[in-house]
file coords33.json (JSON, C-alpha atoms (C1' of nucleotides))
[["chain", "number", "residue", "atom", "x", "y", "z"],
["C", 22, "MET", "CA", -101.13, 28.65, 75.68],
["C", 23, "GLU", "CA", -98.47, 26.39, 77.04],
["C", 24, "HIS", "CA", -98.44, 23.58, 79.51],
["C", 25, "GLU", "CA", -97.81, 25.56, 82.66],
["C", 26, "ALA", "CA", -100.51, 28.12, 82.00],
["C", 27, "ALA", "CA", -102.98, 25.37, 81.21],
["C", 28, "THR", "CA", -102.19, 23.55, 84.45],
["C", 29, "ALA", "CA", -102.72, 26.77, 86.37],
["C", 30, "ALA", "CA", -106.06, 27.42, 84.66],
["C", 31, "LEU", "CA", -107.27, 23.88, 85.30],
["C", 32, "ALA", "CA", -106.18, 24.04, 88.92],
["C", 33, "ALA", "CA", -108.05, 27.31, 89.27],
["C", 34, "LEU", "CA", -111.23, 25.68, 88.00],
["C", 35, "ALA", "CA", -110.78, 22.50, 90.00],
["C", 36, "HIS", "CA", -112.45, 23.76, 93.14],
["C", 37, "THR", "CA", -116.15, 23.75, 93.96],
["C", 38, "HIS", "CA", -116.42, 27.42, 94.74],
["C", 39, "ARG", "CA", -114.20, 28.64, 91.94],
["C", 40, "LEU", "CA", -115.95, 26.50, 89.38],
["C", 41, "ALA", "CA", -119.31, 27.82, 90.56],
["C", 42, "VAL", "CA", -118.05, 31.40, 90.44],
["C", 43, "PHE", "CA", -116.54, 30.96, 86.99],
["C", 44, "ARG", "CA", -119.65, 29.39, 85.50],
["C", 45, "ARG", "CA", -121.75, 32.13, 87.02],
["C", 46, "LEU", "CA", -119.53, 34.71, 85.37],
["C", 47, "VAL", "CA", -119.56, 32.86, 82.06],
["C", 48, "GLN", "CA", -123.32, 33.10, 82.12],
["C", 49, "ALA", "CA", -123.34, 36.70, 83.30],
["C", 50, "GLY", "CA", -121.44, 37.80, 80.20],
["C", 51, "PRO", "CA", -119.17, 40.83, 79.75],
["C", 52, "SER", "CA", -120.91, 43.08, 82.26],
["C", 53, "GLY", "CA", -119.93, 40.64, 85.00],
["C", 54, "GLU", "CA", -120.98, 40.88, 88.63],
["C", 55, "ALA", "CA", -119.74, 42.57, 91.80],
["C", 56, "ALA", "CA", -117.77, 40.44, 94.26],
["C", 57, "GLY", "CA", -120.29, 40.99, 97.03],
["C", 58, "ASP", "CA", -123.20, 39.84, 94.89],
["C", 59, "ILE", "CA", -121.34, 36.68, 93.93],
["C", 60, "ALA", "CA", -120.55, 35.99, 97.56],
["C", 61, "ARG", "CA", -124.17, 36.42, 98.62],
["C", 62, "ALA", "CA", -125.55, 34.41, 95.71],
["C", 63, "LEU", "CA", -123.25, 31.45, 96.32],
["C", 64, "GLY", "CA", -123.11, 31.67, 100.11],
["C", 65, "ILE", "CA", -119.35, 32.13, 100.30],
["C", 66, "GLY", "CA", -117.60, 34.35, 102.85],
["C", 67, "ALA", "CA", -116.03, 37.56, 101.57],
["C", 68, "THR", "CA", -112.51, 36.51, 102.53],
["C", 69, "ALA", "CA", -112.81, 33.11, 100.89],
["C", 70, "LEU", "CA", -114.32, 34.56, 97.74],
["C", 71, "SER", "CA", -111.58, 37.15, 97.48],
["C", 72, "PHE", "CA", -109.00, 34.39, 97.71],
["C", 73, "HIS", "CA", -110.71, 32.34, 95.01],
["C", 74, "LEU", "CA", -111.24, 35.27, 92.68],
["C", 75, "LYS", "CA", -107.56, 36.04, 92.93],
["C", 76, "GLU", "CA", -106.77, 32.48, 91.91],
["C", 77, "LEU", "CA", -109.06, 32.74, 88.89],
["C", 78, "ASP", "CA", -107.49, 36.07, 88.02],
["C", 79, "ARG", "CA", -103.94, 34.73, 88.24],
["C", 80, "ALA", "CA", -104.97, 31.91, 85.93],
["C", 81, "GLY", "CA", -106.24, 34.39, 83.35],
["C", 82, "LEU", "CA", -109.82, 33.21, 83.61],
["C", 83, "VAL", "CA", -111.44, 36.38, 84.93],
["C", 84, "ARG", "CA", -110.99, 40.12, 84.61],
["C", 85, "SER", "CA", -111.82, 42.70, 87.24],
["C", 86, "TRP", "CA", -112.33, 46.43, 87.41],
["C", 87, "ARG", "CA", -113.45, 48.89, 89.99],
["C", 88, "ASP", "CA", -116.95, 50.29, 89.69],
["C", 89, "GLY", "CA", -117.31, 52.91, 92.37],
["C", 90, "ARG", "CA", -117.34, 51.16, 95.71],
["C", 91, "PHE", "CA", -117.61, 47.72, 94.13],
["C", 92, "ILE", "CA", -115.21, 45.55, 92.21],
["C", 93, "ARG", "CA", -116.81, 43.73, 89.31],
["C", 94, "TYR", "CA", -115.58, 40.48, 87.83],
["C", 95, "SER", "CA", -116.27, 38.93, 84.45],
["C", 96, "ALA", "CA", -115.15, 35.70, 82.83],
["C", 97, "ASP", "CA", -112.24, 36.01, 80.42],
["C", 98, "ILE", "CA", -113.77, 34.16, 77.48],
["C", 99, "GLU", "CA", -110.64, 34.35, 75.41],
["C", 100, "GLY", "CA", -108.68, 32.77, 78.25],
["C", 101, "MET", "CA", -111.20, 29.96, 78.44],
["C", 102, "ARG", "CA", -111.10, 29.38, 74.69],
["C", 103, "GLN", "CA", -107.32, 29.09, 74.79],
["C", 104, "LEU", "CA", -107.62, 26.47, 77.50],
["C", 105, "LEU", "CA", -110.19, 24.41, 75.57],
["C", 106, "ASP", "CA", -108.01, 24.66, 72.48],
["C", 107, "PHE", "CA", -105.02, 23.41, 74.39],
["C", 108, "LEU", "CA", -106.92, 20.39, 75.66],
["C", 109, "THR", "CA", -108.18, 19.33, 72.26],
["C", 110, "GLN", "CA", -105.06, 20.18, 70.26],
["C", 111, "ASP", "CA", -104.13, 17.59, 67.66],
["C", 112, "CYS", "CA", -107.03, 15.43, 68.79],
["C", 113, "CYS", "CA", -106.77, 11.96, 67.24],
["C", 114, "ASN", "CA", -103.58, 13.02, 65.54],
["C", 115, "GLY", "CA", -104.97, 14.46, 62.33],
["C", 116, "HIS", "CA", -108.09, 12.33, 62.10],
["C", 117, "PRO", "CA", -110.78, 14.70, 63.40],
["C", 118, "GLU", "CA", -113.53, 12.43, 62.11],
["C", 119, "ILE", "CA", -112.80, 10.07, 65.01],
["C", 120, "CYS", "CA", -113.75, 12.57, 67.68],
["C", 121, "GLY", "CA", -116.34, 14.58, 65.80],
["C", 122, "GLY", "CA", -113.84, 17.28, 64.89],
["C", 123, "LEU", "CA", -113.70, 18.51, 68.46],
["C", 124, "ALA", "CA", -110.43, 20.36, 67.94],
["C", 125, "LYS", "CA", -111.29, 21.97, 64.62],
["C", 126, "VAL", "CA", -114.67, 23.09, 65.84],
["C", 127, "LEU", "CA", -113.10, 24.94, 68.74],
["C", 128, "ASP", "CA", -110.49, 26.47, 66.54],
["C", 129, "ALA", "CA", -113.22, 28.04, 64.46],
["C", 130, "ALA", "CA", -114.94, 29.67, 67.42],
["C", 131, "SER", "CA", -112.76, 32.72, 67.70],
["C", 132, "CYS", "CA", -113.83, 35.36, 70.15],
["C", 133, "GLY", "CA", -114.52, 38.83, 68.90],
["C", 134, "PRO", "CA", -112.61, 41.73, 70.48],
["C", 135, "ALA", "CA", -113.03, 41.53, 74.24],
["C", 136, "PRO", "CA", -115.42, 44.17, 75.58],
["C", 137, "ARG", "CA", -113.39, 46.74, 77.41],
["C", 138, "PRO", "CA", -114.53, 47.72, 80.91],
["C", 139, "ALA", "CA", -114.17, 51.37, 81.90],
["C", 140, "VAL", "CA", -111.28, 50.91, 84.34],
["C", 141, "LEU", "CA", -109.19, 47.76, 84.09],
["C", 142, "LYS", "CA", -107.46, 46.52, 87.19],
["C", 143, "SER", "CA", -104.01, 45.16, 86.57],
["C", 144, "ARG", "CA", -103.62, 41.41, 86.67],
["C", 145, "GLY", "CA", -100.93, 39.23, 88.18],
["C", 146, "LYS", "CA", -98.38, 37.71, 85.79],
["C", 147, "ARG", "CA", -100.10, 35.61, 83.13],
["Z", 22, "MET", "CA", -122.36, 16.28, 83.68],
["Z", 23, "GLU", "CA", -122.91, 17.91, 87.02],
["Z", 24, "HIS", "CA", -120.82, 20.07, 89.22],
["Z", 25, "GLU", "CA", -119.08, 17.41, 91.26],
["Z", 26, "ALA", "CA", -118.04, 15.33, 88.26],
["Z", 27, "ALA", "CA", -116.71, 18.43, 86.52],
["Z", 28, "THR", "CA", -114.65, 19.40, 89.57],
["Z", 29, "ALA", "CA", -113.19, 15.91, 89.68],
["Z", 30, "ALA", "CA", -112.32, 15.99, 85.98],
["Z", 31, "LEU", "CA", -110.69, 19.41, 86.26],
["Z", 32, "ALA", "CA", -108.72, 18.34, 89.32],
["Z", 33, "ALA", "CA", -107.57, 15.29, 87.43],
["Z", 34, "LEU", "CA", -106.24, 17.46, 84.61],
["Z", 35, "ALA", "CA", -104.76, 20.07, 86.94],
["Z", 36, "HIS", "CA", -101.43, 18.34, 87.38],
["Z", 37, "THR", "CA", -98.38, 18.52, 85.15],
["Z", 38, "HIS", "CA", -97.96, 14.80, 84.64],
["Z", 39, "ARG", "CA", -101.64, 14.01, 84.27],
["Z", 40, "LEU", "CA", -102.17, 16.83, 81.79],
["Z", 41, "ALA", "CA", -99.19, 15.62, 79.75],
["Z", 42, "VAL", "CA", -100.48, 12.06, 79.83],
["Z", 43, "PHE", "CA", -103.99, 13.08, 78.87],
["Z", 44, "ARG", "CA", -102.87, 15.23, 75.95],
["Z", 45, "ARG", "CA", -100.63, 12.47, 74.76],
["Z", 46, "LEU", "CA", -103.58, 10.09, 74.81],
["Z", 47, "VAL", "CA", -105.84, 12.62, 73.08],
["Z", 48, "GLN", "CA", -103.32, 12.75, 70.28],
["Z", 49, "ALA", "CA", -102.80, 9.00, 70.22],
["Z", 50, "GLY", "CA", -106.47, 8.43, 69.42],
["Z", 51, "PRO", "CA", -108.61, 5.36, 70.16],
["Z", 52, "SER", "CA", -105.81, 2.79, 69.97],
["Z", 53, "GLY", "CA", -104.18, 4.47, 72.96],
["Z", 54, "GLU", "CA", -100.83, 3.56, 74.42],
["Z", 55, "ALA", "CA", -99.46, 1.10, 76.94],
["Z", 56, "ALA", "CA", -98.71, 2.40, 80.45],
["Z", 57, "GLY", "CA", -95.03, 1.53, 80.22],
["Z", 58, "ASP", "CA", -94.59, 3.41, 76.97],
["Z", 59, "ILE", "CA", -96.23, 6.49, 78.42],
["Z", 60, "ALA", "CA", -93.98, 6.29, 81.47],
["Z", 61, "ARG", "CA", -90.85, 6.00, 79.36],
["Z", 62, "ALA", "CA", -91.90, 8.73, 76.94],
["Z", 63, "LEU", "CA", -92.67, 11.23, 79.68],
["Z", 64, "GLY", "CA", -89.98, 10.18, 82.13],
["Z", 65, "ILE", "CA", -92.37, 9.31, 84.94],
["Z", 66, "GLY", "CA", -91.84, 6.42, 87.35],
["Z", 67, "ALA", "CA", -94.16, 3.43, 87.02],
["Z", 68, "THR", "CA", -95.66, 3.93, 90.48],
["Z", 69, "ALA", "CA", -96.35, 7.60, 89.94],
["Z", 70, "LEU", "CA", -97.84, 7.01, 86.51],
["Z", 71, "SER", "CA", -100.11, 4.29, 87.83],
["Z", 72, "PHE", "CA", -101.36, 6.67, 90.50],
["Z", 73, "HIS", "CA", -102.03, 9.42, 87.97],
["Z", 74, "LEU", "CA", -103.71, 7.12, 85.45],
["Z", 75, "LYS", "CA", -106.05, 5.94, 88.18],
["Z", 76, "GLU", "CA", -106.96, 9.54, 88.90],
["Z", 77, "LEU", "CA", -107.73, 10.19, 85.24],
["Z", 78, "ASP", "CA", -109.74, 6.99, 85.11],
["Z", 79, "ARG", "CA", -111.79, 7.89, 88.19],
["Z", 80, "ALA", "CA", -112.54, 11.23, 86.58],
["Z", 81, "GLY", "CA", -113.87, 9.53, 83.47],
["Z", 82, "LEU", "CA", -111.17, 10.97, 81.23],
["Z", 83, "VAL", "CA", -109.43, 7.77, 80.16],
["Z", 84, "ARG", "CA", -110.34, 4.16, 79.46],
["Z", 85, "SER", "CA", -108.12, 1.16, 79.93],
["Z", 86, "TRP", "CA", -108.00, -2.44, 78.84],
["Z", 87, "ARG", "CA", -105.60, -5.27, 79.08],
["Z", 88, "ASP", "CA", -103.67, -6.19, 75.99],
["Z", 89, "GLY", "CA", -101.70, -9.30, 76.83],
["Z", 90, "ARG", "CA", -99.05, -8.38, 79.30],
["Z", 91, "PHE", "CA", -99.67, -4.64, 78.87],
["Z", 92, "ILE", "CA", -102.46, -2.37, 79.93],
["Z", 93, "ARG", "CA", -103.37, 0.20, 77.33],
["Z", 94, "TYR", "CA", -104.94, 3.56, 78.02],
["Z", 95, "SER", "CA", -106.84, 5.88, 75.71],
["Z", 96, "ALA", "CA", -108.48, 9.26, 76.23],
["Z", 97, "ASP", "CA", -112.22, 9.20, 76.80],
["Z", 98, "ILE", "CA", -113.19, 11.79, 74.22],
["Z", 99, "GLU", "CA", -116.84, 11.76, 75.18],
["Z", 100, "GLY", "CA", -115.87, 12.45, 78.79],
["Z", 101, "MET", "CA", -113.78, 15.39, 77.64],
["Z", 102, "ARG", "CA", -116.57, 16.77, 75.49],
["Z", 103, "GLN", "CA", -118.97, 16.65, 78.42],
["Z", 104, "LEU", "CA", -116.50, 18.63, 80.48],
["Z", 105, "LEU", "CA", -116.02, 21.30, 77.80],
["Z", 106, "ASP", "CA", -119.78, 21.52, 77.42],
["Z", 107, "PHE", "CA", -120.22, 22.01, 81.12],
["Z", 108, "LEU", "CA", -117.72, 24.86, 81.18],
["Z", 109, "THR", "CA", -119.31, 26.76, 78.32],
["Z", 110, "GLN", "CA", -122.94, 26.06, 79.19],
["Z", 111, "ASP", "CA", -125.22, 29.06, 78.82],
["Z", 112, "CYS", "CA", -122.25, 31.19, 77.85],
["Z", 113, "CYS", "CA", -123.21, 34.88, 77.81],
["Z", 114, "ASN", "CA", -126.70, 33.91, 78.88],
["Z", 115, "GLY", "CA", -128.29, 33.32, 75.49],
["Z", 116, "HIS", "CA", -126.20, 35.77, 73.48],
["Z", 117, "PRO", "CA", -123.68, 33.45, 71.81],
["Z", 118, "GLU", "CA", -122.58, 36.23, 69.45],
["Z", 119, "ILE", "CA", -120.69, 37.79, 72.36],
["Z", 120, "CYS", "CA", -118.31, 34.89, 72.79],
["Z", 121, "GLY", "CA", -118.20, 33.60, 69.25],
["Z", 122, "GLY", "CA", -120.82, 30.93, 69.91],
["Z", 123, "LEU", "CA", -118.37, 28.96, 72.01],
["Z", 124, "ALA", "CA", -121.10, 26.95, 73.70],
["Z", 125, "LYS", "CA", -123.17, 26.19, 70.60],
["Z", 126, "VAL", "CA", -120.13, 25.18, 68.63],
["Z", 127, "LEU", "CA", -119.20, 22.58, 71.21],
["Z", 128, "ASP", "CA", -122.73, 21.32, 71.43],
["Z", 129, "ALA", "CA", -122.62, 20.54, 67.74],
["Z", 130, "ALA", "CA", -119.43, 18.49, 67.96],
["Z", 131, "SER", "CA", -121.01, 15.25, 69.07],
["Z", 132, "CYS", "CA", -118.74, 12.25, 69.25],
["Z", 133, "GLY", "CA", -119.57, 9.24, 67.16],
["Z", 134, "PRO", "CA", -119.95, 5.88, 68.90],
["Z", 135, "ALA", "CA", -116.89, 5.30, 71.03],
["Z", 136, "PRO", "CA", -114.50, 2.74, 69.54],
["Z", 137, "ARG", "CA", -114.74, -0.40, 71.62],
["Z", 138, "PRO", "CA", -111.50, -1.99, 72.78],
["Z", 139, "ALA", "CA", -111.39, -5.79, 72.87],
["Z", 140, "VAL", "CA", -111.45, -6.20, 76.65],
["Z", 141, "LEU", "CA", -112.68, -3.31, 78.75],
["Z", 142, "LYS", "CA", -111.42, -2.99, 82.28],
["Z", 143, "SER", "CA", -114.04, -1.86, 84.74],
["Z", 144, "ARG", "CA", -113.83, 1.69, 85.96],
["Z", 145, "GLY", "CA", -114.19, 3.16, 89.41],
["Z", 146, "LYS", "CA", -117.47, 4.89, 90.22],
["Z", 147, "ARG", "CA", -118.12, 7.74, 87.79],
["B", 7, "DG", "C1'", -112.70, 64.86, 108.55],
["B", 8, "DA", "C1'", -115.24, 60.96, 110.62],
["B", 9, "DC", "C1'", -118.22, 57.07, 109.41],
["B", 10, "DT", "C1'", -119.66, 53.14, 106.72],
["B", 11, "DC", "C1'", -119.47, 49.71, 103.40],
["B", 12, "DA", "C1'", -116.90, 46.68, 99.96],
["B", 13, "DA", "C1'", -113.14, 44.10, 99.27],
["B", 14, "DT", "C1'", -108.51, 42.52, 100.19],
["B", 15, "DC", "C1'", -104.43, 41.08, 102.96],
["B", 16, "DC", "C1'", -102.30, 38.47, 106.64],
["B", 17, "DA", "C1'", -101.14, 34.59, 109.57],
["B", 18, "DA", "C1'", -102.25, 30.42, 111.93],
["B", 19, "DC", "C1'", -104.16, 26.16, 111.44],
["B", 20, "DA", "C1'", -106.49, 22.00, 109.14],
["B", 21, "DA", "C1'", -107.00, 19.11, 105.24],
["B", 22, "DT", "C1'", -105.75, 17.21, 100.97],
["B", 23, "DT", "C1'", -102.54, 15.67, 97.47],
["B", 24, "DG", "C1'", -98.18, 13.86, 95.47],
["B", 25, "DT", "C1'", -93.81, 11.07, 95.88],
["B", 26, "DT", "C1'", -91.04, 7.19, 96.90],
["B", 27, "DG", "C1'", -89.47, 2.43, 97.40],
["B", 28, "DA", "C1'", -90.76, -2.13, 98.54],
["B", 29, "DA", "C1'", -94.06, -5.74, 98.09],
["B", 30, "DA", "C1'", -97.92, -7.90, 95.58],
["B", 31, "DT", "C1'", -100.54, -9.43, 91.36],
["B", 32, "DA", "C1'", -101.08, -10.89, 86.59],
["B", 33, "DT", "C1'", -99.45, -12.56, 82.25],
["B", 34, "DT", "C1'", -96.22, -14.66, 79.03],
["B", 35, "DG", "C1'", -92.85, -17.88, 77.48],
["B", 36, "DA", "C1'", -89.19, -21.30, 78.54],
["J", 9, "DT", "C1'", -93.78, -24.82, 87.23],
["J", 10, "DC", "C1'", -90.38, -21.05, 87.21],
["J", 11, "DA", "C1'", -88.41, -16.76, 85.75],
["J", 12, "DA", "C1'", -89.12, -12.40, 83.58],
["J", 13, "DT", "C1'", -91.86, -8.39, 82.53],
["J", 14, "DA", "C1'", -95.73, -5.06, 83.27],
["J", 15, "DT", "C1'", -98.43, -2.82, 86.34],
["J", 16, "DT", "C1'", -100.65, -1.89, 90.70],
["J", 17, "DT", "C1'", -101.03, -1.53, 95.79],
["J", 18, "DC", "C1'", -99.40, -0.05, 100.24],
["J", 19, "DA", "C1'", -97.49, 2.95, 103.73],
["J", 20, "DA", "C1'", -94.67, 6.65, 105.27],
["J", 21, "DC", "C1'", -93.41, 11.11, 104.48],
["J", 22, "DA", "C1'", -93.23, 15.88, 102.19],
["J", 23, "DA", "C1'", -95.53, 19.57, 99.98],
["J", 24, "DT", "C1'", -99.38, 22.20, 98.68],
["J", 25, "DT", "C1'", -103.93, 24.15, 99.24],
["J", 26, "DG", "C1'", -108.12, 25.93, 101.64],
["J", 27, "DT", "C1'", -110.34, 28.11, 105.78],
["J", 28, "DT", "C1'", -111.00, 31.42, 109.35],
["J", 29, "DG", "C1'", -111.04, 35.74, 111.94],
["J", 30, "DG", "C1'", -109.07, 40.07, 112.50],
["J", 31, "DA", "C1'", -106.65, 44.00, 110.58],
["J", 32, "DT", "C1'", -106.21, 47.05, 106.49],
["J", 33, "DT", "C1'", -107.21, 49.80, 102.28],
["J", 34, "DG", "C1'", -110.15, 52.48, 99.23],
["J", 35, "DA", "C1'", -114.47, 54.88, 97.93],
["J", 36, "DG", "C1'", -118.66, 57.10, 98.90],
["J", 37, "DT", "C1'", -121.64, 59.78, 102.27],
["J", 38, "DC", "C1'", -122.85, 62.71, 106.19]]
call {"tool": "encode", "arguments": {"input": "coords33.json", "output": "structure tokens"}}
result
Amino acid sequence: MEHEAATAALAALAHTHRLAVFRRLVQAGPSGEAAGDIARALGIGATALSFHLKELDRAGLVRSWRDGRFIRYSADIEGMRQLLDFLTQDCCNGHPEICGGLAKVLDAASCGPAPRPAVLKSRGKR
Amino acid sequence: MEHEAATAALAALAHTHRLAVFRRLVQAGPSGEAAGDIARALGIGATALSFHLKELDRAGLVRSWRDGRFIRYSADIEGMRQLLDFLTQDCCNGHPEICGGLAKVLDAASCGPAPRPAVLKSRGKR
DNA sequence: GACTCAATCCAACAATTGTTGAAATATTGA
DNA sequence: TCAATATTTCAACAATTGTTGGATTGAGTC
């Protein structure tokens, strides 16, 4: 991940609603949740939520796919890991003992193959 | 860390210059770097850098202390770890195997006692 | 095919954030 | 004390971001 993508991902998360949505999806796991359910659960209007989900999608932090009448969203764990990696890269310049090996520890936590939803919706440029 | 603090930290990082500054400080380690050197290295004006450093400080992501005529800044690694924790909390709702144990792995990486600079400047409300 | 529900798109407006130069503050050394 | 250097504060302006309601698209149901 490079600088620009990281900035975009951080900006996507730096909003009350989007952060709440993202954390909810992180906890929901790969099966995700339908947009309407998220909106109801968090008390966000459909239009606003749609806007915010698009932001998260553009930043590579969520995936979406159609499920009949609904559109489901799930957190893109691999995208998140790349972001965390980027933030901790070269922490303490080769002396991981200083910061508890934050960078190395993240490096080790590779994500298995992403679960593949039935129908993947295309995503804006990543 | 709670929601509001996390939003503030993410917003602080969600800017080209601030992200560059923060990563530079993460790599510099506990001894940090003087404001002027950062400004020169990244090609940012003194006024702009001061503004951005204040943002990072308010978000609890950097520390600062006076060193003679200079003011040095260093990344607040513990602040960063809290943020990463917050993002990955309860990942996959108790099934860490799904996301490679991202949350648990971070939990384990506790930071040792923060290195204490000679003279600590006070920080805005955290 | 018409109807309904889920979600998105659009456009106007409001609010927040970033940039700039000039002035102010703090420290060092002559 | 005075001049030089480092950094911050202030204020005006420019740019970006978020919100809202209404219109639109797509899928299922009668």
call {"tool": "interface_residues", "arguments": {"input": "coords33.json", "of": "chain B", "to": "chain C", "cutoff": "10 Å", "atoms": "all atoms listed in the file", "output": "list in words"}}
result
DC11, DA12, DA13, DT14 and DC15 of chain B
call {"tool": "atom_distance", "arguments": {"input": "coords33.json", "atom1": "atom CA of C:Glu118", "atom2": "atom CA of Z:Asp97"}}
result
15.1 Å
call {"tool": "interface_residues", "arguments": {"input": "coords33.json", "of": "chain J", "to": "chain Z", "cutoff": "12 Å", "atoms": "all atoms listed in the file", "output": "ChimeraX atom specification"}}
result
/J:12-18
call {"tool": "interface_residues", "arguments": {"input": "coords33.json", "of": "chain C", "to": "chain Z", "cutoff": "9 Å", "atoms": "only C-alpha atoms", "output": "ChimeraX atom specification"}}
result
/C:24-25,27-37,40-41,43-44,46-51,98-99,101-102,105,107-116,118-123,126-127,129-133,135-136
call {"tool": "atom_distance", "arguments": {"input": "coords33.json", "atom1": "atom CA of C:Ser95", "atom2": "atom C1' of J:DG26"}}
result
23.0 Å
call {"tool": "atom_distance", "arguments": {"input": "coords33.json", "atom1": "atom C1' of B:DA8", "atom2": "atom C1' of J:DG29"}}
result
25.6 Å
call {"tool": "residues_around", "arguments": {"input": "coords33.json", "residues": "C:Arg93", "least_positions_apart": "3", "cutoff": "6 Å", "atoms": "all atoms listed in the file", "output": "short mmCIF file (atom, residue, chain, number, x, y, z; two decimals) with C-alpha atoms, keeping the file's coordinate frame"}}
result
data_model
loop_
_atom_site.label_atom_id
_atom_site.label_comp_id
_atom_site.auth_asym_id
_atom_site.auth_seq_id
_atom_site.Cartn_x
_atom_site.Cartn_y
_atom_site.Cartn_z
CA GLU C 54 -120.98 40.88 88.63
CA ALA C 55 -119.74 42.57 91.80
CA SER C 85 -111.82 42.70 87.24
CA TRP C 86 -112.33 46.43 87.41
#
call {"tool": "residues_around", "arguments": {"input": "coords33.json", "residues": "B:DT10", "least_positions_apart": "3", "cutoff": "12 Å", "atoms": "all atoms listed in the file", "output": "ChimeraX atom specification"}}
result
/C:90 /J:35-38
call {"tool": "residues_around", "arguments": {"input": "coords33.json", "residues": "B:DA17", "least_positions_apart": "6", "cutoff": "12 Å", "atoms": "all atoms listed in the file", "output": "list in words"}}
result
DT27, DT28, DG29, DG30 and DA31 of chain J
call {"tool": "write_last_selection", "arguments": {"input": "coords33.json", "atoms": "C-alpha atoms (C1' of nucleotides)", "output": "PDB file, in the frame of the given file"}}
result
ATOM      1  C1'  DT J  27    -110.340  28.110 105.780  1.00  0.00           C
ATOM      2  C1'  DT J  28    -111.000  31.420 109.350  1.00  0.00           C
ATOM      3  C1'  DG J  29    -111.040  35.740 111.940  1.00  0.00           C
ATOM      4  C1'  DG J  30    -109.070  40.070 112.500  1.00  0.00           C
ATOM      5  C1'  DA J  31    -106.650  44.000 110.580  1.00  0.00           C
TER       6       DA J  31
END
